[in-house]
$ cat start.csv   # CSV, C-alpha atoms
chain,number,residue,atom,x,y,z
S,1,MET,CA,12.4,19.4,-20.1
S,2,LEU,CA,15.8,17.9,-20.9
S,3,GLY,CA,18.6,18.2,-18.4
S,4,THR,CA,18.9,17.7,-14.7
S,5,ARG,CA,15.9,18.4,-12.5
S,6,ASN,CA,16.1,18.2,-8.8
S,7,VAL,CA,12.5,17.8,-7.7
S,8,GLN,CA,13.1,19.2,-4.2
S,9,CYS,CA,14.4,22.5,-5.6
S,10,ILE,CA,11.3,23.3,-7.7
S,11,PRO,CA,9.1,26.0,-6.2
S,12,LYS,CA,6.0,24.7,-4.5
S,13,GLU,CA,3.7,26.9,-6.7
S,14,ALA,CA,5.2,25.4,-9.8
S,15,ARG,CA,4.8,21.9,-8.5
S,16,GLN,CA,1.1,22.6,-7.8
S,17,MET,CA,0.3,24.0,-11.2
S,18,GLY,CA,-2.9,22.7,-12.8
S,19,ASP,CA,-5.2,19.9,-12.1
S,20,LEU,CA,-4.2,17.0,-14.3
S,21,GLN,CA,-7.1,14.7,-15.2
S,22,ASP,CA,-4.7,11.8,-15.9
S,23,TYR,CA,-1.0,11.4,-16.7
S,24,SER,CA,-1.2,10.8,-20.5
S,25,GLY,CA,0.7,14.1,-21.1
S,26,GLU,CA,4.4,14.6,-21.0
S,27,PHE,CA,6.6,13.4,-18.2
S,28,ARG,CA,6.9,16.0,-15.4
S,29,PRO,CA,9.9,15.5,-13.2
S,30,GLU,CA,8.3,17.9,-10.7
S,31,THR,CA,5.0,16.0,-10.5
S,32,ARG,CA,3.3,15.9,-7.1
S,33,LEU,CA,0.1,14.2,-6.3
S,34,GLU,CA,-1.3,17.8,-5.6
S,35,GLY,CA,-1.0,18.4,-9.4
S,36,PHE,CA,-3.8,15.9,-10.2
S,37,SER,CA,-7.5,16.6,-10.1
S,38,LYS,CA,-9.6,15.1,-7.3
S,39,GLU,CA,-11.1,12.7,-9.8
S,40,ALA,CA,-7.7,11.4,-10.8
S,41,LEU,CA,-6.7,11.1,-7.1
S,42,ILE,CA,-9.8,9.0,-6.4
S,43,ARG,CA,-8.8,6.7,-9.3
S,44,LEU,CA,-5.3,6.4,-7.8
S,45,LEU,CA,-6.7,5.7,-4.4
S,46,ASP,CA,-8.8,3.0,-5.9
S,47,ALA,CA,-5.7,1.5,-7.4
S,48,TYR,CA,-3.8,1.9,-4.1
S,49,LYS,CA,-6.3,-0.1,-2.1
S,50,LYS,CA,-6.1,-3.0,-4.6
S,51,CYS,CA,-2.3,-2.8,-4.5
S,52,PHE,CA,-2.2,-2.8,-0.7
S,53,VAL,CA,-4.3,-6.0,-0.6
S,54,GLY,CA,-2.2,-7.2,-3.5
S,55,ILE,CA,1.1,-7.0,-1.6
S,56,ALA,CA,-0.5,-8.8,1.4
S,57,GLY,CA,-1.8,-11.5,-0.8
S,58,THR,CA,1.5,-11.9,-2.7
S,59,TYR,CA,3.6,-12.1,0.5
S,60,HIS,CA,1.2,-14.7,1.8
S,61,THR,CA,1.4,-16.8,-1.4
S,62,VAL,CA,5.3,-16.6,-1.4
S,63,ASN,CA,5.5,-17.4,2.3
S,64,ALA,CA,3.0,-20.3,2.0
S,65,GLU,CA,5.1,-21.9,-0.8
S,66,ARG,CA,8.1,-22.0,1.5
S,67,MET,CA,6.8,-22.4,5.0
S,68,GLY,CA,3.3,-23.9,4.6
S,69,VAL,CA,-0.1,-22.4,4.7
S,70,GLU,CA,-0.6,-22.5,8.5
S,71,GLU,CA,2.7,-20.9,9.3
S,72,ALA,CA,2.2,-18.3,6.5
S,73,TRP,CA,-1.1,-17.2,8.1
S,74,LYS,CA,0.7,-16.9,11.5
S,75,VAL,CA,3.3,-14.6,10.0
S,76,ASP,CA,0.5,-12.6,8.2
S,77,ALA,CA,-1.4,-12.0,11.4
S,78,ASP,CA,1.8,-11.0,13.2
S,79,VAL,CA,2.7,-8.6,10.4
S,80,TYR,CA,-0.8,-7.1,10.3
S,81,LEU,CA,-1.1,-6.6,14.0
S,82,ARG,CA,2.3,-5.0,14.3
S,83,GLN,CA,1.9,-2.7,11.3
S,84,GLN,CA,-1.6,-1.7,12.3
S,85,MET,CA,-0.9,-0.9,15.9
S,86,GLN,CA,2.4,0.9,15.1
S,87,PHE,CA,1.5,2.8,11.9
S,88,GLU,CA,-1.8,2.3,10.2
S,89,LEU,CA,-4.3,3.0,13.0
S,90,PRO,CA,-2.6,5.9,14.7
S,91,LEU,CA,-1.7,7.6,11.4
S,92,VAL,CA,-5.0,7.2,9.7
S,93,THR,CA,-6.8,8.4,12.8
S,94,LYS,CA,-4.6,11.4,13.1
S,95,ALA,CA,-4.7,12.3,9.4
S,96,MET,CA,-8.5,12.1,9.3
S,97,ASN,CA,-9.0,13.8,12.7
S,98,ILE,CA,-11.1,10.8,13.9
S,99,GLN,CA,-11.9,11.1,17.6
S,100,GLY,CA,-14.1,9.2,19.9
S,101,ASP,CA,-14.2,5.9,21.8
S,102,ASP,CA,-17.4,4.3,20.7
S,103,VAL,CA,-18.2,1.5,18.2
S,104,LEU,CA,-19.0,4.0,15.4
S,105,THR,CA,-15.5,5.5,15.8
S,106,VAL,CA,-14.2,2.0,15.0
S,107,LEU,CA,-16.3,1.8,11.9
S,108,LYS,CA,-15.1,5.3,10.7
S,109,ILE,CA,-11.5,4.1,11.0
S,110,PHE,CA,-12.4,0.9,9.2
S,111,GLN,CA,-13.7,2.9,6.2
S,112,MET,CA,-10.4,4.8,6.0
S,113,LEU,CA,-7.9,2.0,6.0
S,114,PRO,CA,-6.2,1.0,2.8
S,115,ASP,CA,-7.5,-2.6,3.2
S,116,GLY,CA,-10.8,-1.4,4.8
S,117,LEU,CA,-14.4,-1.3,3.7
S,118,ARG,CA,-14.7,-0.2,0.1
S,119,GLU,CA,-17.2,-0.7,-2.8
S,120,GLY,CA,-16.2,-3.6,-5.0
S,121,GLN,CA,-13.7,-5.0,-2.7
S,122,TYR,CA,-15.1,-5.5,0.8
S,123,GLU,CA,-18.8,-4.6,1.0
S,124,CYS,CA,-21.1,-4.9,4.0
S,125,LEU,CA,-24.6,-4.2,5.2
S,126,TRP,CA,-24.7,-2.0,8.3
S,127,ASP,CA,-27.0,-2.8,11.2
S,128,ILE,CA,-26.2,0.1,13.6
S,129,LYS,CA,-28.1,-0.6,16.8
S,130,SER,CA,-26.6,2.3,18.6
S,131,ASN,CA,-23.3,4.3,18.9
S,132,ASN,CA,-22.0,1.4,20.9
S,133,HIS,CA,-23.4,-1.6,19.1
S,134,ALA,CA,-23.1,-2.5,15.4
S,135,ILE,CA,-23.4,-5.6,13.3
S,136,LEU,CA,-21.8,-5.8,9.9
S,137,THR,CA,-22.8,-8.4,7.4
S,138,PHE,CA,-20.1,-8.8,4.7
S,139,THR,CA,-21.7,-9.5,1.4
S,140,LYS,CA,-18.5,-9.2,-0.7
S,141,CYS,CA,-15.0,-10.1,0.2
S,142,GLN,CA,-12.6,-10.4,-2.6
S,143,THR,CA,-10.0,-12.1,-0.4
S,144,LEU,CA,-12.5,-14.9,0.5
S,145,PHE,CA,-13.5,-15.2,-3.1
S,146,TYR,CA,-9.9,-15.6,-4.2
S,147,HIS,CA,-9.2,-18.4,-1.6
S,148,GLU,CA,-12.5,-20.1,-2.6
S,149,ARG,CA,-11.2,-20.2,-6.1
S,150,HIS,CA,-7.5,-21.0,-5.5
S,151,GLY,CA,-6.9,-21.9,-1.9
S,152,ASN,CA,-7.4,-24.9,0.3
S,153,PRO,CA,-9.7,-25.0,3.3
S,154,LYS,CA,-6.7,-24.1,5.5
S,155,ASP,CA,-6.5,-20.8,3.7
S,156,ILE,CA,-10.1,-19.9,4.5
S,157,GLU,CA,-9.6,-21.0,8.1
S,158,GLY,CA,-6.4,-18.8,8.4
S,159,LEU,CA,-8.2,-15.9,6.9
S,160,CYS,CA,-11.6,-16.0,8.5
S,161,GLY,CA,-11.8,-18.8,11.2
S,162,PRO,CA,-11.7,-18.4,14.9
S,163,GLY,CA,-8.3,-16.9,15.9
S,164,SER,CA,-7.7,-16.0,12.2
S,165,ILE,CA,-6.1,-12.9,10.9
S,166,GLU,CA,-9.6,-11.2,10.5
S,167,ASP,CA,-10.6,-12.2,14.0
S,168,LEU,CA,-7.4,-10.8,15.5
S,169,CYS,CA,-7.5,-7.6,13.4
S,170,PHE,CA,-11.2,-6.8,13.9
S,171,THR,CA,-10.8,-7.3,17.6
S,172,ALA,CA,-7.6,-5.1,17.6
S,173,TYR,CA,-9.5,-2.3,15.8
S,174,GLY,CA,-12.0,-2.2,18.6
S,175,LYS,CA,-9.5,-2.5,21.4
S,176,TRP,CA,-7.4,0.3,19.9
S,177,VAL,CA,-10.3,2.7,20.1
S,178,ASN,CA,-11.5,1.5,23.5
S,179,PRO,CA,-10.3,-1.5,25.4
S,180,LYS,CA,-13.9,-2.2,26.5
S,181,ILE,CA,-15.0,-2.8,22.9
S,182,THR,CA,-15.4,-6.5,22.0
S,183,CYS,CA,-15.8,-8.1,18.6
S,184,ARG,CA,-17.2,-11.5,17.8
S,185,ALA,CA,-18.1,-13.4,14.7
S,186,LEU,CA,-21.8,-14.3,14.3
S,187,LYS,CA,-21.2,-16.2,11.1
S,188,LEU,CA,-18.1,-17.3,9.3
S,189,PRO,CA,-17.1,-19.1,6.1
S,190,PRO,CA,-17.0,-21.6,4.6
S,191,ARG,CA,-20.1,-20.6,2.7
S,192,LYS,CA,-22.6,-23.2,1.3
S,193,SER,CA,-23.0,-21.4,-1.9
S,194,LYS,CA,-21.7,-18.3,-3.8
S,195,ASP,CA,-25.0,-16.6,-3.1
S,196,ASP,CA,-24.4,-16.9,0.6
S,197,ILE,CA,-23.1,-13.9,2.6
S,198,CYS,CA,-19.4,-14.0,3.6
S,199,CYS,CA,-19.5,-13.4,7.3
S,200,VAL,CA,-21.2,-11.4,10.1
S,201,TRP,CA,-19.3,-9.5,12.8
S,202,GLU,CA,-20.6,-7.8,15.9
S,203,TRP,CA,-18.8,-4.9,17.7
S,204,LYS,CA,-20.1,-3.9,21.1
S,205,LEU,CA,-19.0,-1.7,24.0
S,206,GLY,CA,-19.0,-3.8,27.1
S,207,GLU,CA,-19.8,-2.7,30.6
N,1,MET,CA,-23.1,18.7,-0.4
N,2,LYS,CA,-20.1,20.5,1.1
N,3,GLU,CA,-16.9,18.5,0.8
N,4,LEU,CA,-15.6,17.0,4.1
N,5,VAL,CA,-12.2,18.3,5.1
N,6,ASP,CA,-11.7,15.6,7.7
N,7,TYR,CA,-13.8,12.8,9.2
N,8,SER,CA,-14.4,14.3,12.7
N,9,GLY,CA,-18.2,14.4,12.0
N,10,PRO,CA,-20.8,11.6,12.3
N,11,PHE,CA,-20.3,8.2,10.9
N,12,ARG,CA,-21.6,7.8,7.3
N,13,PRO,CA,-22.4,4.3,6.2
N,14,ASP,CA,-22.7,5.5,2.6
N,15,LEU,CA,-19.3,7.3,2.6
N,16,THR,CA,-17.4,7.6,-0.7
N,17,PHE,CA,-14.0,9.2,-1.5
N,18,GLU,CA,-16.0,11.8,-3.6
N,19,ASP,CA,-17.4,13.2,-0.3
N,20,PHE,CA,-13.9,14.4,0.8
N,21,SER,CA,-11.9,17.4,-0.3
N,22,LYS,CA,-8.8,17.0,-2.5
N,23,GLU,CA,-6.6,18.0,0.5
N,24,PHE,CA,-8.2,15.3,2.6
N,25,LEU,CA,-7.6,12.7,0.0
N,26,LEU,CA,-4.0,13.7,-0.3
N,27,LYS,CA,-3.5,13.3,3.4
N,28,LEU,CA,-5.1,9.8,3.2
N,29,MET,CA,-2.9,8.8,0.3
N,30,ARG,CA,0.3,9.8,2.2
N,31,VAL,CA,-0.8,7.6,5.2
N,32,TRP,CA,-1.5,4.7,2.9
N,33,GLN,CA,2.0,5.1,1.3
N,34,TYR,CA,3.6,5.1,4.7
N,35,ALA,CA,1.5,2.0,5.8
N,36,TRP,CA,2.5,0.2,2.6
N,37,LEU,CA,6.2,0.6,3.2
N,38,HIS,CA,5.9,-0.4,6.8
N,39,MET,CA,3.8,-3.4,6.1
N,40,ALA,CA,6.5,-4.7,3.7
N,41,ALA,CA,9.1,-4.0,6.3
N,42,ALA,CA,7.1,-5.9,9.0
N,43,TRP,CA,6.8,-8.9,6.7
N,44,PHE,CA,10.6,-8.9,6.1
N,45,ASP,CA,11.4,-8.6,9.8
N,46,LEU,CA,9.0,-11.4,10.8
N,47,VAL,CA,10.4,-13.8,8.2
N,48,LYS,CA,13.9,-12.8,9.2
N,49,GLU,CA,13.2,-13.5,12.9
N,50,ARG,CA,11.8,-16.9,12.1
N,51,TYR,CA,13.9,-18.1,9.1
N,52,GLY,CA,17.0,-15.9,9.0
N,53,SER,CA,18.3,-13.1,6.7
N,54,GLN,CA,19.0,-15.2,3.6
N,55,GLU,CA,15.5,-16.7,3.5
N,56,ALA,CA,13.9,-13.3,4.3
N,57,CYS,CA,15.8,-11.7,1.4
N,58,GLU,CA,14.8,-14.4,-1.0
N,59,LEU,CA,11.1,-14.4,-0.1
N,60,ASP,CA,11.1,-10.6,-0.1
N,61,ARG,CA,12.6,-10.5,-3.6
N,62,MET,CA,10.1,-13.1,-4.9
N,63,ALA,CA,7.1,-11.2,-3.3
N,64,TRP,CA,8.2,-7.8,-4.7
N,65,VAL,CA,8.8,-9.2,-8.2
N,66,ARG,CA,5.4,-10.7,-8.3
N,67,VAL,CA,3.8,-7.5,-6.9
N,68,GLY,CA,5.6,-5.5,-9.6
N,69,GLU,CA,4.4,-7.7,-12.3
N,70,LYS,CA,0.8,-7.9,-11.1
N,71,VAL,CA,0.2,-4.6,-9.6
N,72,ASN,CA,2.2,-1.9,-11.3
N,73,PRO,CA,0.6,-2.1,-14.7
N,74,ARG,CA,-2.5,-0.8,-13.0
N,75,TYR,CA,-0.9,2.6,-12.7
N,76,ALA,CA,-0.3,2.9,-16.4
N,77,ARG,CA,-3.9,1.9,-17.0
N,78,ILE,CA,-5.6,4.3,-14.6
N,79,ALA,CA,-3.4,7.2,-15.5
N,80,ASN,CA,-3.8,6.6,-19.2
N,81,ILE,CA,-0.1,6.3,-19.8
N,82,GLU,CA,1.0,4.9,-23.2
N,83,LEU,CA,4.2,3.0,-22.7
N,84,ASN,CA,6.3,4.0,-25.7
N,85,THR,CA,9.3,5.8,-24.3
N,86,VAL,CA,11.6,5.7,-21.2
N,87,LEU,CA,9.9,8.9,-20.0
N,88,ASP,CA,6.5,7.1,-20.1
N,89,SER,CA,8.0,4.5,-17.7
N,90,MET,CA,9.4,7.3,-15.5
N,91,LYS,CA,5.8,8.5,-15.2
N,92,CYS,CA,4.9,5.0,-13.9
N,93,LEU,CA,7.6,5.3,-11.3
N,94,GLN,CA,6.0,8.5,-9.9
N,95,LEU,CA,2.6,6.9,-9.1
N,96,PRO,CA,2.9,3.8,-7.0
N,97,LEU,CA,2.6,3.7,-3.2
N,98,ASP,CA,6.4,3.6,-2.9
N,99,ASN,CA,6.7,6.4,-5.5
N,100,THR,CA,9.4,9.0,-6.3
N,101,THR,CA,7.0,11.9,-5.9
N,102,GLY,CA,6.1,11.9,-2.2
N,103,GLY,CA,9.4,13.0,-0.7
N,104,ILE,CA,10.2,9.7,0.9
N,105,PHE,CA,12.8,9.0,-1.8
N,106,PRO,CA,14.0,12.3,-3.1
N,107,VAL,CA,15.2,12.0,-6.7
N,108,GLU,CA,17.0,13.9,-9.4
N,109,TYR,CA,16.4,13.2,-13.1
N,110,ASP,CA,19.0,13.7,-15.8
N,111,ILE,CA,16.9,13.5,-19.0
N,112,ARG,CA,19.3,13.0,-21.9
N,113,ASP,CA,16.5,12.3,-24.2
N,114,GLU,CA,13.1,10.7,-24.1
N,115,ASN,CA,14.7,7.2,-24.2
N,116,HIS,CA,17.7,7.8,-22.0
N,117,VAL,CA,17.3,8.9,-18.4
N,118,ILE,CA,19.5,8.8,-15.4
N,119,VAL,CA,17.8,8.8,-12.0
N,120,THR,CA,19.7,9.6,-8.8
N,121,ILE,CA,18.1,8.6,-5.5
N,122,LYS,CA,19.7,11.1,-3.1
N,123,ARG,CA,18.2,9.8,0.1
N,124,CYS,CA,16.7,6.4,1.0
N,125,PRO,CA,15.3,5.8,4.4
N,126,ALA,CA,15.5,2.0,3.9
N,127,LEU,CA,19.2,2.2,3.2
N,128,GLU,CA,19.8,4.5,6.1
N,129,ASP,CA,18.0,2.0,8.4
N,130,MET,CA,20.1,-0.9,7.0
N,131,GLU,CA,23.3,1.0,7.4
N,132,LYS,CA,22.5,1.5,11.1
N,133,ASN,CA,21.0,-1.8,12.0
N,134,SER,CA,21.7,-4.5,9.4
N,135,PRO,CA,24.5,-3.7,6.9
N,136,GLU,CA,24.6,-7.4,5.8
N,137,LEU,CA,21.2,-6.8,4.1
N,138,ILE,CA,22.4,-3.9,1.9
N,139,GLU,CA,23.9,-6.1,-0.8
N,140,PRO,CA,21.0,-8.5,-1.3
N,141,ARG,CA,18.3,-5.9,-0.9
N,142,CYS,CA,19.8,-2.9,-2.8
N,143,CYS,CA,21.8,-4.7,-5.5
N,144,VAL,CA,19.6,-7.8,-6.1
N,145,THR,CA,16.0,-7.2,-5.1
N,146,THR,CA,15.9,-3.5,-6.1
N,147,MET,CA,17.4,-4.3,-9.5
N,148,GLU,CA,14.7,-6.9,-10.2
N,149,VAL,CA,11.9,-4.8,-8.8
N,150,ASN,CA,12.9,-1.7,-10.8
N,151,LYS,CA,12.7,-3.8,-14.0
N,152,ARG,CA,9.1,-4.5,-13.2
N,153,TYR,CA,8.2,-1.1,-12.0
N,154,VAL,CA,9.0,0.5,-15.4
N,155,VAL,CA,6.1,-1.8,-16.7
N,156,ASN,CA,7.5,-1.7,-20.2
N,157,PRO,CA,9.8,-4.8,-20.8
N,158,ARG,CA,11.7,-2.9,-23.5
N,159,VAL,CA,13.1,-0.5,-21.0
N,160,LYS,CA,16.5,-1.6,-19.9
N,161,VAL,CA,17.5,-0.8,-16.3
N,162,GLY,CA,21.2,-0.5,-15.3
N,163,ALA,CA,22.7,0.5,-12.0
N,164,LEU,CA,25.4,3.2,-12.2
N,165,LYS,CA,26.0,3.3,-8.5
N,166,LEU,CA,24.8,1.1,-5.7
N,167,PRO,CA,25.3,0.9,-2.0
N,168,PRO,CA,27.3,0.3,0.2
N,169,ARG,CA,28.3,3.9,0.5
N,170,SER,CA,31.5,5.2,2.1
N,171,SER,CA,29.7,8.1,3.9
N,172,PRO,CA,26.1,9.3,4.5
N,173,ALA,CA,26.9,12.4,2.4
N,174,GLU,CA,27.0,10.2,-0.8
N,175,ILE,CA,23.9,9.6,-2.9
N,176,ALA,CA,22.0,6.4,-2.1
N,177,CYS,CA,22.0,5.0,-5.7
N,178,GLN,CA,21.9,5.9,-9.3
N,179,TRP,CA,20.1,4.2,-12.2
N,180,GLU,CA,20.2,4.4,-15.9
N,181,TYR,CA,17.1,3.7,-18.0
N,182,THR,CA,17.3,3.2,-21.8
N,183,LEU,CA,15.1,1.8,-24.5
N,184,GLU,CA,16.1,-1.5,-26.1
N,185,PRO,CA,15.8,-1.3,-29.9

$ encode --input "start.csv" --output "C-alpha cells"
Amino acid sequence: MLGTRNVQCIPKEARQMGDLQDYSGEFRPETRLEGFSKEALIRLLDAYKKCFVGIAGTYHTVNAERMGVEEAWKVDADVYLRQQMQFELPLVTKAMNIQGDDVLTVLKIFQMLPDGLREGQYECLWDIKSNNHAILTFTKCQTLFYHERHGNPKDIEGLCGPGSIEDLCFTAYGKWVNPKITCRALKLPPRKSKDDICCVWEWKLGE
Amino acid sequence: MKELVDYSGPFRPDLTFEDFSKEFLLKLMRVWQYAWLHMAAAWFDLVKERYGSQEACELDRMAWVRVGEKVNPRYARIANIELNTVLDSMKCLQLPLDNTTGGIFPVEYDIRDENHVIVTIKRCPALEDMEKNSPELIEPRCCVTTMEVNKRYVVNPRVKVGALKLPPRSSPAEIACQWEYTLEP
C-alpha cells in the first residue's frame, strides 16, 4: 500500500473489487463508492441527508449572527430556489428517470431529494386523492423541532410561515413539474403542543 | 420484491432506499454530492452579492468549520472507522459529500507510512472557476478556509495538516494543491 497511488490510473475492475460492509479495514487509495455493499451505501446516504440539512442549518446560523434572522432567511430562500432550479431538481429527476407532469410526480421527486421526505427526519401522512391532488400532513420535521428548541418566533416564520422558504420551495417543486400545479398550506406552525402535527400542505393540478 | 433500477414506475408512499438497486443508489449519491457543492456555492455567491467578497469569505469559512466539526465525525461513526492513524483520517476524507473518491477532485496519495501521507489534488473545479471569474477569492478560500476545513475533515485532532503547495498557480498545467498529513506525538 505504501508509495504513490494515482486513483484515476487504477483499473476499473480493481476499484470495484468486493462489497465492503463498512470502512473499518485498511485504507484503500483506490476506494470508490461502488466498492461498498448496498447496506453500507444506505447508511452513507442516511448520513448524507443529515449532512445536507446540516450545511443548510449551519449557513443559516452563521448568516443570522451577522445579518439578522429575517435577512438570513431571505438569503436561504434565494439560495435554495437557485440551487434547486439549476441543479437539484433537473439532476435528481434525470438520474432517477422520473417522468410525468402530475402531482404524484412532484411527490416522487420530493422523496428523492437530499433534504426531502425521509424517515426520522421529515415524516408525513399521505392523503392521495388522485394523481393530481394530494395532501401531506407532516408529523415530524427536525428543522421545526430545532427552531422550537433554539430559535425565536422569527425563525419559525422564516422557515414555515406564508412566503417562507418552505412555501417558496414547495410551490417551486410543483411549478417545476407542471406550471399548473399549485401548492398551499392548510396548517402551519407555530404548534400549540409537541403532540401537534407540524404542518399540512396541499398540491393540486389546476384547470 | 425486485429491486427498482429507477423510479419511473408508480409513486410509492412507503418507499425506502432498500427498495432500490445498488446502481440506482450510487446515481442518487452522485447527484446529492453535486447538489451539496452547488448549494454551498450558491450561499457564497448570494452573500457576496449582498455584502461583498470579504464578508462572504468570512461567513463561508465560519460555516464550513462548523459543518466540519459537527457533521464529519458522522462518517467515522457510520463507517466504523477507528481514528488512530493518519490513514484512518484519509479514510474519512473519502466519504463526505465533497469527497476525494468521486472524481470531482482527483487525488494522488503518497503514503510514506501510516502516519505520514502527502495528498496531491491534481484538479479542482472550484479553483478553476475562481481562476476564471474571481481570482481575488483564491487566497482567502484556498489558503485560509481550506486549511481550517481540512483540519476538521480529518476528524482526529491529533492529525496535523500542512500545506506544501497552494494556489495561485502559474499555469493550469500545475497541480491545484498539495497537503501533508502527519500524526502529532

$ interface_residues --input "start.csv" --of "chain N" --to "chain S" --cutoff "7 Å" --atoms "only C-alpha atoms" --output "ChimeraX atom specification"
/N:6-8,11,17,22,27-29,31-32,35-36,38-39,42-43,46,59,62-63,66-67,71,74,78-82,87-88,91,97,101-102,107-113

$ write_last_selection --input "start.csv" --atoms "C-alpha atoms" --output "PDB file, keeping the file's coordinate frame"
ATOM      1  CA  ASP N   6     -11.700  15.600   7.700  1.00  0.00           C
ATOM      2  CA  TYR N   7     -13.800  12.800   9.200  1.00  0.00           C
ATOM      3  CA  SER N   8     -14.400  14.300  12.700  1.00  0.00           C
ATOM      4  CA  PHE N  11     -20.300   8.200  10.900  1.00  0.00           C
ATOM      5  CA  PHE N  17     -14.000   9.200  -1.500  1.00  0.00           C
ATOM      6  CA  LYS N  22      -8.800  17.000  -2.500  1.00  0.00           C
ATOM      7  CA  LYS N  27      -3.500  13.300   3.400  1.00  0.00           C
ATOM      8  CA  LEU N  28      -5.100   9.800   3.200  1.00  0.00           C
ATOM      9  CA  MET N  29      -2.900   8.800   0.300  1.00  0.00           C
ATOM     10  CA  VAL N  31      -0.800   7.600   5.200  1.00  0.00           C
ATOM     11  CA  TRP N  32      -1.500   4.700   2.900  1.00  0.00           C
ATOM     12  CA  ALA N  35       1.500   2.000   5.800  1.00  0.00           C
ATOM     13  CA  TRP N  36       2.500   0.200   2.600  1.00  0.00           C
ATOM     14  CA  HIS N  38       5.900  -0.400   6.800  1.00  0.00           C
ATOM     15  CA  MET N  39       3.800  -3.400   6.100  1.00  0.00           C
ATOM     16  CA  ALA N  42       7.100  -5.900   9.000  1.00  0.00           C
ATOM     17  CA  TRP N  43       6.800  -8.900   6.700  1.00  0.00           C
ATOM     18  CA  LEU N  46       9.000 -11.400  10.800  1.00  0.00           C
ATOM     19  CA  LEU N  59      11.100 -14.400  -0.100  1.00  0.00           C
ATOM     20  CA  MET N  62      10.100 -13.100  -4.900  1.00  0.00           C
ATOM     21  CA  ALA N  63       7.100 -11.200  -3.300  1.00  0.00           C
ATOM     22  CA  ARG N  66       5.400 -10.700  -8.300  1.00  0.00           C
ATOM     23  CA  VAL N  67       3.800  -7.500  -6.900  1.00  0.00           C
ATOM     24  CA  VAL N  71       0.200  -4.600  -9.600  1.00  0.00           C
ATOM     25  CA  ARG N  74      -2.500  -0.800 -13.000  1.00  0.00           C
ATOM     26  CA  ILE N  78      -5.600   4.300 -14.600  1.00  0.00           C
ATOM     27  CA  ALA N  79      -3.400   7.200 -15.500  1.00  0.00           C
ATOM     28  CA  ASN N  80      -3.800   6.600 -19.200  1.00  0.00           C
ATOM     29  CA  ILE N  81      -0.100   6.300 -19.800  1.00  0.00           C
ATOM     30  CA  GLU N  82       1.000   4.900 -23.200  1.00  0.00           C
ATOM     31  CA  LEU N  87       9.900   8.900 -20.000  1.00  0.00           C
ATOM     32  CA  ASP N  88       6.500   7.100 -20.100  1.00  0.00           C
ATOM     33  CA  LYS N  91       5.800   8.500 -15.200  1.00  0.00           C
ATOM     34  CA  LEU N  97       2.600   3.700  -3.200  1.00  0.00           C
ATOM     35  CA  THR N 101       7.000  11.900  -5.900  1.00  0.00           C
ATOM     36  CA  GLY N 102       6.100  11.900  -2.200  1.00  0.00           C
ATOM     37  CA  VAL N 107      15.200  12.000  -6.700  1.00  0.00           C
ATOM     38  CA  GLU N 108      17.000  13.900  -9.400  1.00  0.00           C
ATOM     39  CA  TYR N 109      16.400  13.200 -13.100  1.00  0.00           C
ATOM     40  CA  ASP N 110      19.000  13.700 -15.800  1.00  0.00           C
ATOM     41  CA  ILE N 111      16.900  13.500 -19.000  1.00  0.00           C
ATOM     42  CA  ARG N 112      19.300  13.000 -21.900  1.00  0.00           C
ATOM     43  CA  ASP N 113      16.500  12.300 -24.200  1.00  0.00           C
TER      44      ASP N 113
END

$ atom_distance --input "start.csv" --atom1 "CA of Cys183 in chain S" --atom2 "CA of Lys204 in chain S"
6.5 Å

$ atom_distance --input "start.csv" --atom1 "CA of Tyr122 in chain S" --atom2 "CA of Cys169 in chain S"
14.9 Å

$ atom_distance --input "start.csv" --atom1 "CA of Asp60 in chain N" --atom2 "CA of Asn152 in chain S"
23.4 Å

$ residues_around --input "start.csv" --residues "Phe170 in chain S" --least-positions-apart "4" --cutoff "9 Å" --atoms "all atoms listed in the file" --output "count of residues only"
8
